[in-house]
Every structure is written in structure tokens, then in C-alpha cells.
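> Structure file work32.cif (mmCIF, C-alpha atoms and all ligand atoms) right here:
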```
data_work
loop_
_atom_site.group_PDB
_atom_site.id
_atom_site.type_symbol
_atom_site.label_atom_id
_atom_site.label_comp_id
_atom_site.auth_asym_id
_atom_site.auth_seq_id
_atom_site.Cartn_x
_atom_site.Cartn_y
_atom_site.Cartn_z
ATOM 1 C CA MET Y 1 -135.136 28.155 6.872
ATOM 2 C CA SER Y 2 -138.477 29.917 6.816
ATOM 3 C CA ARG Y 3 -140.166 30.934 3.617
ATOM 4 C CA LYS Y 4 -139.836 34.564 4.520
ATOM 5 C CA LYS Y 5 -136.092 34.220 4.585
ATOM 6 C CA ALA Y 6 -136.258 32.445 1.255
ATOM 7 C CA VAL Y 7 -137.440 35.631 -0.388
ATOM 8 C CA LYS Y 8 -135.298 37.966 1.658
ATOM 9 C CA GLY Y 9 -138.006 39.183 3.981
ATOM 10 C CA LYS Y 10 -140.661 39.927 1.377
ATOM 11 C CA SER Y 11 -143.950 38.229 2.013
ATOM 12 C CA SER Y 12 -144.636 35.381 -0.333
ATOM 13 C CA SER Y 13 -146.923 32.469 -0.302
ATOM 14 C CA SER Y 14 -148.815 30.211 -2.595
ATOM 15 C CA SER Y 15 -152.045 28.349 -2.386
ATOM 16 C CA PRO Y 16 -152.184 24.670 -3.111
ATOM 17 C CA THR Y 17 -153.204 24.128 -6.731
ATOM 18 C CA ALA Y 18 -153.860 21.160 -8.909
ATOM 19 C CA CYS Y 19 -150.250 21.558 -9.976
ATOM 20 C CA SER Y 20 -148.892 22.673 -6.637
ATOM 21 C CA PRO Y 21 -145.618 21.178 -5.448
ATOM 22 C CA GLN Y 22 -147.433 20.723 -2.143
ATOM 23 C CA SER Y 23 -149.592 18.051 -3.641
ATOM 24 C CA LYS Y 24 -146.448 15.962 -4.017
ATOM 25 C CA GLY Y 25 -145.763 16.438 -0.330
ATOM 26 C CA LYS Y 26 -142.528 18.304 -0.877
ATOM 27 C CA GLY Y 27 -143.403 21.477 0.971
ATOM 28 C CA LYS Y 28 -144.201 24.869 -0.360
ATOM 29 C CA THR Y 29 -140.899 25.942 -1.819
ATOM 30 C CA GLY Y 30 -137.415 24.908 -2.650
ATOM 31 C CA LYS Y 31 -134.740 26.012 -0.237
ATOM 32 C CA ALA Y 32 -133.660 29.609 -0.165
ATOM 33 C CA LEU Y 33 -130.322 30.579 -1.607
ATOM 34 C CA SER Y 34 -128.079 32.094 0.954
ATOM 35 C CA GLY Y 35 -124.597 33.558 1.177
ATOM 36 C CA ALA Y 36 -122.688 32.811 -2.041
ATOM 37 C CA GLU Y 37 -125.853 31.281 -3.444
ATOM 38 C CA ALA Y 38 -128.020 34.367 -3.064
ATOM 39 C CA PRO Y 39 -129.411 35.645 -6.352
ATOM 40 C CA SER Y 40 -127.475 38.597 -7.657
ATOM 41 C CA ASN Y 41 -127.246 40.426 -10.929
ATOM 42 C CA GLY Y 42 -124.269 38.303 -11.801
ATOM 43 C CA VAL Y 43 -123.923 34.590 -12.211
ATOM 44 C CA VAL Y 44 -123.450 32.672 -8.999
ATOM 45 C CA ARG Y 45 -120.271 30.658 -9.304
ATOM 46 C CA PRO Y 46 -119.155 28.851 -6.202
ATOM 47 C CA SER Y 47 -115.389 28.706 -5.831
ATOM 48 C CA ARG Y 48 -115.674 25.039 -5.050
ATOM 49 C CA PRO Y 49 -118.508 22.614 -5.633
ATOM 50 C CA SER Y 50 -121.541 23.632 -3.652
ATOM 51 C CA LEU Y 51 -124.672 21.955 -2.548
ATOM 52 C CA SER Y 52 -127.745 23.354 -4.261
ATOM 53 C CA ASN Y 53 -129.968 21.476 -1.905
ATOM 54 C CA SER Y 54 -129.275 18.572 0.325
ATOM 55 C CA SER Y 55 -128.078 16.307 -2.469
ATOM 56 C CA GLU Y 56 -126.942 18.030 -5.654
ATOM 57 C CA PHE Y 57 -123.718 19.791 -6.600
ATOM 58 C CA TYR Y 58 -123.675 22.612 -9.110
ATOM 59 C CA ASP Y 59 -121.167 24.800 -10.927
ATOM 60 C CA MET Y 60 -123.281 27.875 -11.609
ATOM 61 C CA ALA Y 61 -126.744 29.115 -10.715
ATOM 62 C CA PHE Y 62 -129.294 31.323 -12.395
ATOM 63 C CA LYS Y 63 -132.650 32.776 -11.526
ATOM 64 C CA VAL Y 64 -135.502 32.115 -13.965
ATOM 65 C CA MET Y 65 -139.018 33.580 -13.658
ATOM 66 C CA LEU Y 66 -142.289 32.271 -15.048
ATOM 67 C CA VAL Y 67 -144.660 35.091 -15.962
ATOM 68 C CA GLY Y 68 -147.936 35.530 -17.848
ATOM 69 C CA ASP Y 69 -151.661 35.868 -17.230
ATOM 70 C CA SER Y 70 -153.401 33.916 -14.517
ATOM 71 C CA GLY Y 71 -154.383 30.428 -15.649
ATOM 72 C CA VAL Y 72 -151.916 30.055 -18.540
ATOM 73 C CA GLY Y 73 -150.222 27.146 -16.768
ATOM 74 C CA LYS Y 74 -147.086 28.557 -15.092
ATOM 75 C CA THR Y 75 -147.397 26.451 -11.947
ATOM 76 C CA CYS Y 76 -148.234 23.338 -13.951
ATOM 77 C CA LEU Y 77 -145.242 23.906 -16.216
ATOM 78 C CA LEU Y 78 -142.928 24.139 -13.224
ATOM 79 C CA VAL Y 79 -144.403 21.062 -11.574
ATOM 80 C CA ARG Y 80 -144.111 19.110 -14.833
ATOM 81 C CA PHE Y 81 -140.462 20.136 -15.165
ATOM 82 C CA LYS Y 82 -139.532 19.540 -11.544
ATOM 83 C CA ASP Y 83 -141.612 16.462 -10.721
ATOM 84 C CA GLY Y 84 -142.633 15.129 -14.154
ATOM 85 C CA ALA Y 85 -146.268 15.254 -13.122
ATOM 86 C CA PHE Y 86 -149.500 16.865 -14.221
ATOM 87 C CA LEU Y 87 -152.225 16.687 -11.670
ATOM 88 C CA ALA Y 88 -155.530 17.581 -13.234
ATOM 89 C CA GLY Y 89 -158.128 19.123 -10.993
ATOM 90 C CA SER Y 90 -159.660 22.408 -10.030
ATOM 91 C CA PHE Y 91 -157.521 25.445 -10.638
ATOM 92 C CA ILE Y 92 -156.453 27.537 -7.654
ATOM 93 C CA SER Y 93 -154.362 30.578 -8.491
ATOM 94 C CA THR Y 94 -150.896 31.064 -7.086
ATOM 95 C CA VAL Y 95 -150.775 33.716 -4.394
ATOM 96 C CA GLY Y 96 -147.659 35.874 -4.350
ATOM 97 C CA ILE Y 97 -144.501 34.131 -5.530
ATOM 98 C CA ASP Y 98 -142.751 30.832 -4.950
ATOM 99 C CA PHE Y 99 -139.657 29.050 -6.200
ATOM 100 C CA ARG Y 100 -138.125 25.628 -6.750
ATOM 101 C CA ASN Y 101 -134.606 24.549 -7.711
ATOM 102 C CA LYS Y 102 -133.487 22.125 -10.360
ATOM 103 C CA VAL Y 103 -129.938 21.240 -11.415
ATOM 104 C CA LEU Y 104 -129.375 20.435 -15.099
ATOM 105 C CA ASN Y 105 -126.329 18.886 -16.673
ATOM 106 C CA ILE Y 106 -125.530 21.162 -19.616
ATOM 107 C CA ASP Y 107 -122.622 19.792 -21.658
ATOM 108 C CA GLY Y 108 -120.924 18.521 -18.515
ATOM 109 C CA VAL Y 109 -121.573 21.684 -16.497
ATOM 110 C CA LYS Y 110 -124.013 21.529 -13.602
ATOM 111 C CA VAL Y 111 -126.349 24.466 -13.981
ATOM 112 C CA LYS Y 112 -128.759 25.186 -11.180
ATOM 113 C CA LEU Y 113 -131.972 26.952 -12.114
ATOM 114 C CA GLN Y 114 -133.828 28.651 -9.317
ATOM 115 C CA ILE Y 115 -137.263 28.902 -10.893
ATOM 116 C CA TRP Y 116 -139.683 31.482 -9.574
ATOM 117 C CA ASP Y 117 -143.380 30.850 -10.142
ATOM 118 C CA THR Y 118 -145.246 34.154 -10.062
ATOM 119 C CA ALA Y 119 -148.929 34.899 -9.570
ATOM 120 C CA GLY Y 120 -150.533 36.015 -12.813
ATOM 121 C CA GLN Y 121 -153.336 37.910 -11.119
ATOM 122 C CA GLU Y 122 -153.166 41.670 -11.477
ATOM 123 C CA ARG Y 123 -153.384 42.273 -7.729
ATOM 124 C CA PHE Y 124 -149.980 40.615 -7.201
ATOM 125 C CA ARG Y 125 -148.215 42.530 -9.952
ATOM 126 C CA SER Y 126 -146.327 44.854 -7.608
ATOM 127 C CA VAL Y 127 -144.948 41.850 -5.690
ATOM 128 C CA THR Y 128 -143.742 40.290 -8.942
ATOM 129 C CA HIS Y 129 -142.095 43.521 -10.139
ATOM 130 C CA ALA Y 130 -139.794 43.466 -7.144
ATOM 131 C CA TYR Y 131 -138.273 40.181 -8.339
ATOM 132 C CA TYR Y 132 -137.745 41.051 -12.023
ATOM 133 C CA ARG Y 133 -134.548 42.988 -11.362
ATOM 134 C CA ASP Y 134 -132.539 39.922 -10.301
ATOM 135 C CA ALA Y 135 -133.863 37.564 -12.960
ATOM 136 C CA HIS Y 136 -131.394 36.135 -15.479
ATOM 137 C CA ALA Y 137 -134.144 34.670 -17.652
ATOM 138 C CA LEU Y 138 -137.896 34.883 -18.090
ATOM 139 C CA LEU Y 139 -140.320 32.423 -19.595
ATOM 140 C CA LEU Y 140 -143.370 34.396 -20.717
ATOM 141 C CA LEU Y 141 -146.427 32.187 -21.173
ATOM 142 C CA TYR Y 142 -149.756 32.539 -22.896
ATOM 143 C CA ASP Y 143 -152.478 29.919 -23.241
ATOM 144 C CA VAL Y 144 -153.266 28.777 -26.803
ATOM 145 C CA THR Y 145 -156.901 28.263 -25.716
ATOM 146 C CA ASN Y 146 -157.230 31.810 -24.356
ATOM 147 C CA LYS Y 147 -157.017 34.696 -26.841
ATOM 148 C CA THR Y 148 -156.898 37.344 -24.114
ATOM 149 C CA SER Y 149 -153.756 35.816 -22.639
ATOM 150 C CA PHE Y 150 -152.189 36.053 -26.116
ATOM 151 C CA ASP Y 151 -153.365 39.636 -26.650
ATOM 152 C CA ASN Y 152 -151.836 40.581 -23.307
ATOM 153 C CA ILE Y 153 -148.338 39.460 -24.341
ATOM 154 C CA GLN Y 154 -147.449 42.889 -25.693
ATOM 155 C CA ALA Y 155 -148.306 44.478 -22.339
ATOM 156 C CA TRP Y 156 -146.237 41.828 -20.568
ATOM 157 C CA LEU Y 157 -143.270 42.589 -22.817
ATOM 158 C CA THR Y 158 -143.543 46.296 -22.048
ATOM 159 C CA GLU Y 159 -143.582 45.515 -18.343
ATOM 160 C CA ILE Y 160 -140.654 43.115 -18.666
ATOM 161 C CA HIS Y 161 -138.539 45.682 -20.494
ATOM 162 C CA GLU Y 162 -139.339 48.212 -17.819
ATOM 163 C CA TYR Y 163 -138.374 46.104 -14.830
ATOM 164 C CA THR Y 164 -135.745 43.555 -15.911
ATOM 165 C CA GLN Y 165 -132.049 43.808 -16.697
ATOM 166 C CA GLN Y 166 -131.328 44.706 -20.316
ATOM 167 C CA ASP Y 167 -129.637 41.417 -21.140
ATOM 168 C CA VAL Y 168 -132.279 39.176 -19.589
ATOM 169 C CA VAL Y 169 -132.873 35.966 -21.564
ATOM 170 C CA LEU Y 170 -136.482 35.884 -22.697
ATOM 171 C CA MET Y 171 -138.577 33.181 -24.327
ATOM 172 C CA LEU Y 172 -142.252 33.152 -25.310
ATOM 173 C CA LEU Y 173 -144.185 29.938 -24.693
ATOM 174 C CA GLY Y 174 -147.625 29.065 -26.037
ATOM 175 C CA ASN Y 175 -148.820 26.575 -23.416
ATOM 176 C CA LYS Y 176 -151.665 23.997 -23.464
ATOM 177 C CA ALA Y 177 -150.695 22.851 -26.977
ATOM 178 C CA ASP Y 178 -152.333 19.514 -26.136
ATOM 179 C CA ALA Y 179 -155.797 21.116 -26.087
ATOM 180 C CA SER Y 180 -156.361 20.976 -29.845
ATOM 181 C CA HIS Y 181 -160.149 21.251 -29.677
ATOM 182 C CA GLU Y 182 -160.101 24.405 -27.585
ATOM 183 C CA ARG Y 183 -157.227 26.050 -29.422
ATOM 184 C CA VAL Y 184 -157.927 29.645 -30.517
ATOM 185 C CA VAL Y 185 -154.360 30.855 -31.124
ATOM 186 C CA LYS Y 186 -152.544 29.220 -34.037
ATOM 187 C CA ARG Y 187 -148.925 28.260 -33.689
ATOM 188 C CA GLU Y 188 -148.135 30.567 -36.618
ATOM 189 C CA GLU Y 189 -149.635 33.520 -34.724
ATOM 190 C CA GLY Y 190 -147.343 32.826 -31.804
ATOM 191 C CA GLU Y 191 -144.385 32.514 -34.123
ATOM 192 C CA LYS Y 192 -145.204 35.820 -35.797
ATOM 193 C CA LEU Y 193 -145.633 37.700 -32.545
ATOM 194 C CA ALA Y 194 -142.334 36.323 -31.258
ATOM 195 C CA LYS Y 195 -140.582 37.261 -34.492
ATOM 196 C CA ASP Y 196 -142.011 40.789 -34.379
ATOM 197 C CA PHE Y 197 -140.576 41.229 -30.899
ATOM 198 C CA GLY Y 198 -137.362 39.324 -31.572
ATOM 199 C CA VAL Y 199 -137.859 36.648 -28.913
ATOM 200 C CA PRO Y 200 -137.463 32.877 -29.234
ATOM 201 C CA PHE Y 201 -140.714 30.931 -29.225
ATOM 202 C CA MET Y 202 -142.137 27.460 -28.870
ATOM 203 C CA GLU Y 203 -145.344 25.744 -27.876
ATOM 204 C CA THR Y 204 -145.466 23.621 -24.737
ATOM 205 C CA SER Y 205 -147.860 21.453 -22.799
ATOM 206 C CA ALA Y 206 -147.596 20.964 -19.073
ATOM 207 C CA LYS Y 207 -150.233 18.277 -19.480
ATOM 208 C CA SER Y 208 -148.456 16.097 -22.064
ATOM 209 C CA GLY Y 209 -144.944 17.299 -21.256
ATOM 210 C CA LEU Y 210 -144.425 18.581 -24.809
ATOM 211 C CA ASN Y 211 -141.239 20.705 -24.972
ATOM 212 C CA VAL Y 212 -141.231 21.409 -21.227
ATOM 213 C CA GLU Y 213 -137.739 20.020 -20.614
ATOM 214 C CA LEU Y 214 -136.554 21.722 -23.810
ATOM 215 C CA ALA Y 215 -137.781 25.163 -22.742
ATOM 216 C CA PHE Y 216 -135.767 25.089 -19.521
ATOM 217 C CA THR Y 217 -132.757 23.370 -21.077
ATOM 218 C CA ALA Y 218 -132.582 25.942 -23.880
ATOM 219 C CA VAL Y 219 -132.596 28.779 -21.374
ATOM 220 C CA ALA Y 220 -129.962 27.047 -19.232
ATOM 221 C CA LYS Y 221 -127.764 26.529 -22.310
ATOM 222 C CA GLU Y 222 -128.038 30.177 -23.300
ATOM 223 C CA LEU Y 223 -127.174 31.340 -19.784
ATOM 224 C CA LYS Y 224 -124.260 28.929 -19.537
ATOM 225 C CA HIS Y 225 -122.881 29.981 -22.931
ATOM 226 C CA ARG Y 226 -123.090 33.650 -21.999
ATOM 227 C CA SER Y 227 -121.324 32.926 -18.754
ATOM 228 C CA ILE Y 228 -118.427 30.778 -19.957
ATOM 229 C CA LYS Y 229 -117.821 31.311 -23.622
ATOM 230 C CA ALA Y 230 -114.722 29.497 -24.811
ATOM 231 C CA PRO Y 231 -112.531 31.615 -27.176
ATOM 232 C CA ASN Y 232 -113.281 29.818 -30.430
ATOM 233 C CA GLU Y 233 -116.720 28.611 -29.543
ATOM 234 C CA PRO Y 234 -119.459 29.724 -31.975
ATOM 235 C CA LYS Y 235 -122.240 31.894 -30.524
ATOM 236 C CA PHE Y 236 -125.129 29.859 -29.130
ATOM 237 C CA LYS Y 237 -128.383 30.707 -30.889
ATOM 238 C CA LEU Y 238 -131.342 29.862 -28.692
ATOM 239 C CA GLN Y 239 -134.018 29.838 -31.413
ATOM 240 C CA ASP Y 240 -131.847 27.690 -33.720
ATOM 241 C CA TYR Y 241 -131.297 25.205 -30.922
ATOM 242 C CA VAL Y 242 -135.003 25.129 -30.101
ATOM 243 C CA ASN Y 243 -135.978 24.690 -33.770
ATOM 244 C CA LYS Y 244 -133.622 21.746 -34.070
ATOM 245 C CA GLU Y 245 -134.839 20.062 -30.895
ATOM 246 C CA MET Y 246 -138.501 21.047 -30.910
ATOM 247 C CA LYS Y 247 -141.347 18.638 -31.201
ATOM 248 C CA THR Y 248 -144.603 19.992 -32.567
ATOM 249 C CA SER Y 249 -147.928 19.151 -30.970
ATOM 250 C CA GLY Y 250 -148.916 16.970 -33.899
ATOM 251 C CA CYS Y 251 -152.410 18.274 -34.303
ATOM 252 C CA CYS Y 252 -151.615 21.481 -36.091
ATOM 253 C CA SER Y 253 -148.189 21.237 -37.511
ATOM 254 C CA SER Y 254 -147.868 21.359 -41.247
HETATM 255 N N1 LIG B 301 -154.933 21.133 -21.139
HETATM 256 C C1 LIG B 301 -154.004 21.738 -20.405
HETATM 257 N N2 LIG B 301 -154.338 22.338 -19.256
HETATM 258 C C2 LIG B 301 -153.363 22.935 -18.535
HETATM 259 C C3 LIG B 301 -152.016 22.950 -18.957
HETATM 260 N N3 LIG B 301 -151.282 23.639 -18.053
HETATM 261 C C4 LIG B 301 -152.144 24.024 -17.101
HETATM 262 N N4 LIG B 301 -153.392 23.615 -17.377
HETATM 263 C C5 LIG B 301 -154.597 23.874 -16.578
HETATM 264 O O1 LIG B 301 -154.778 25.280 -16.518
HETATM 265 C C6 LIG B 301 -155.212 25.687 -15.227
HETATM 266 C C7 LIG B 301 -154.273 26.744 -14.676
HETATM 267 O O2 LIG B 301 -152.972 26.196 -14.473
HETATM 268 P P1 LIG B 301 -151.928 26.877 -13.466
HETATM 269 O O3 LIG B 301 -150.597 26.266 -13.743
HETATM 270 O O4 LIG B 301 -152.394 26.804 -12.069
HETATM 271 O O5 LIG B 301 -151.967 28.389 -13.984
HETATM 272 P P2 LIG B 301 -151.030 29.616 -13.517
HETATM 273 O O6 LIG B 301 -150.494 30.268 -14.743
HETATM 274 O O7 LIG B 301 -150.038 29.149 -12.531
HETATM 275 O O8 LIG B 301 -152.095 30.585 -12.870
HETATM 276 P P3 LIG B 301 -151.823 31.692 -11.701
HETATM 277 O O9 LIG B 301 -151.156 30.991 -10.588
HETATM 278 O O10 LIG B 301 -153.164 32.243 -11.343
HETATM 279 O O11 LIG B 301 -150.959 32.766 -12.319
HETATM 280 C C8 LIG B 301 -155.282 24.421 -14.378
HETATM 281 O O12 LIG B 301 -156.628 23.997 -14.337
HETATM 282 C C9 LIG B 301 -154.448 23.412 -15.127
HETATM 283 O O13 LIG B 301 -154.906 22.091 -14.957
HETATM 284 C C10 LIG B 301 -151.682 22.279 -20.185
HETATM 285 O O14 LIG B 301 -150.539 22.234 -20.659
HETATM 286 N N5 LIG B 301 -152.727 21.702 -20.866
HETATM 287 MG MG MG B 302 -149.782 29.473 -10.563
#
```
If you took the structure in this file and wrote it as C-alpha cells, what would it be?
Ligand SMILES: Nc1nc2c(ncn2[C@@H]2O[C@H](COP(=O)(O)OP(=O)(O)OP(=O)(O)O)[C@@H](O)[C@H]2O)c(=O)[nH]1
Ligand SMILES: [Mg+2]


Amino acid sequence: MSRKKAVKGKSSSSSPTACSPQSKGKGKTGKALSGAEAPSNGVVRPSRPSLSNSSEFYDMAFKVMLVGDSGVGKTCLLVRFKDGAFLAGSFISTVGIDFRNKVLNIDGVKVKLQIWDTAGQERFRSVTHAYYRDAHALLLLYDVTNKTSFDNIQAWLTEIHEYTQQDVVLMLLGNKADASHERVVKREEGEKLAKDFGVPFMETSAKSGLNVELAFTAVAKELKHRSIKAPNEPKFKLQDYVNKEMKTSGCCSS
């Protein structure tokens, strides 16, 4: 299937980057969802086990978007999560939008995340807006070594509230937590901002892998719980789960 079909006819492409999936020789994108798999406002639940890609079954599927300023590490975070790799090198911005699939086993349920990596550059903003509507969850990133990317979070939140569904799952991530010498945004500042806006928060590092798996797993758990809540099951609290599981970067934790 062509990439155009993968995004339902809208033009999308990405340049190879240091963290590009292409550098692993796996092609530009994951496969497009089609038919019963196509992203919709509701959860995708195949009536019988389905193939998410050529090899993996899943029970439910959700669409997750990575957003935030250019250079905060969205592509690297996705590559770390999907391939377990961090390929240092020169930074080439994502062009347009791209996605990859990953199936997680959440408490015995196979949850497929279709993860969309957006371009942070302003000139692609209108392309990105078109995809917000169908997103079940958003990971909003800033870079702890870049104050502007942190200051822009409020504007990102305004944009997100304007374009996404009301019940979208949102989490704020302070990425590049490994870069202790270049850090200009304290973890506490990230925590405060997240608290002020009522969103769960954690720091991550695509480079070291810190909390990367946890960020996606937490979102998948929240989406799964919302989708199939057993009658007497207590409400899943994303931030509580993250706090329990989270590892701090070591350098700055008190
Ligand atoms: N130290 C450190 N560097 C990182 C980390 N994540 C990404 N980088 C570097 O930051 C630069 C930008 O990373 P990308 O993942 O391409 O950034 P992006 O958010 O996808 O940028 P756009 O595609 O333009 O929106 C690259 O040079 C990466 O090597 C991290 O966790 N730690
Ligand atoms: Mg990118």
C-alpha cells in the first residue's frame, strides 16, 4: 500500500533523520490501517483477532500523536520505543507526518498503538491539525535543554484543546533528561506546569531510554481501561501509575 493511502490521500512524507525509522531499513512508515482498522473516533475492536501488521494479533487499536516544537525529540522517542535504538547524528526535521505501529500486551489484552510522528515546524502545522481530530491520545513534548520549547507548551495546549476530541488522553513529557549539563528547565518546573493544566507529566530520554516504554504503556493502559472497564474495577489513574513506575534521571532528583 502506498504512503498516500496510509494517510487517506493527504500528502505526507518524512525526511531521513538521525532517528528515522528509515535508518533501520524498515521503510518510511508502518502499514496503513484499512477497513475495520481505519482510525475512527471510537476504539477499533476487531470482531475476531486481527493482524496489525504481518505478524501480530491485537484486540483493540488506538491512535496516538507525538506533538511539540521542532527538535524536542519526537522522532527519536518513537524510534527508541519501536526499535530500542538511538542513533546520534545530525538532526534533520520531520517533514509532514508519519506513523508506526506497535502492539503492547496490557494486562493480557493486546493493544495496538498507531503512533503518529508529526513535524514540529510551524510551516507544517495545518497538516498536523487535520490529524488531531481522530487522535485518542497525545504525547506533548518539550526539551529540558530548550526553554523556548517549554514556554511554548501553553500555546500547544491551546491548539490541542481547539482541534482534538474533548476526552483525548494527554501527557506532557520533558525529553532529553539525560542532558544534565545543558538542562535549563527543572523537573519541578515541568511538574508545576503539568499540575496547573491538569495533565500527567514525566521526564523522558530517547537517548538513554529513560521512561520511554513507560510513557507509551501508561497511555495504552489508560485507553484500555476507558474502553473496557470491568464493573467493580477501580478507576485507572494515569499520574498515580506513572509516579509508581517512574524512574528519575538521577542527576536532579531529590
Ligand atoms: N541528548 C538527547 N538528545 C536527543 C534526545 N532526543 C532527541 N535528541 C536529539 O535532538 C535532535 C532532534 O531530535 P528529533 O527526534 O529529530 O526531533 P523532532 O522533535 O522529531 O523534530 P521535528 O521533526 O523537527 O519536529 C536530534 O539531534 C537528536 O539526536 C534525547 O533524549 N537526549
Ligand atoms: Mg521529527

> Write out as a list in words which residues come within 7 Å of segment 203-220 of chain Y when counting all atoms listed in the file, dropping same-chain ones fewer than 2 positions away.

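What passes the distance filter is Cys76, Leu77, Arg80, Phe81, Phe86, Val111, Leu173, Gly174, Asn175, Lys176, Ala177, Asp178, Glu222, Leu223, Lys224, Leu238, Val242, Met246 and Lys247 of chain Y.
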
> Pick out the residues sitting within 7 Å of Ile115 of chain Y, and hand them over as a list in words; count all atoms listed in the file, and ignore anything fewer than 2 positions along from it in its own chain.

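Contacts, in chain order: Lys63, Val64, Met65, Phe99, Arg100, Asn101, Leu113 and Asp117 of chain Y.
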
> Residues up to 7 Å from ligand MG 302 (chain B), counting only C-alpha atoms and all ligand atoms: could you list those as number ranges by chain?

Y: 70-71, 73-75, 93-94, 117-120

> Leaving out Met171 of chain Y and any residue of its chain fewer than 6 positions from it, which residues lie within 6 Å of it when counting all atoms listed in the file, given as a list in words?

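The filter keeps Leu139, Val199, Pro200 and Phe201 of chain Y.
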
> Just the selected residues (C-alpha atoms), exported as a tab-separated table (two decimals), in the coordinates of the input, please.


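Contents of selection03.tsv, freshly written:
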```tsv
chain	number	residue	atom	x	y	z
Y	139	LEU	CA	-140.32	32.42	-19.60
Y	199	VAL	CA	-137.86	36.65	-28.91
Y	200	PRO	CA	-137.46	32.88	-29.23
Y	201	PHE	CA	-140.71	30.93	-29.22
```

> Please return as an MDAnalysis selection string every residue within 8 Å of (-129.1, 25.6, -10.8), taking into account all atoms listed in the file and the file's own coordinates.

chainID Y and resid 52 58:62 101:104 110:114
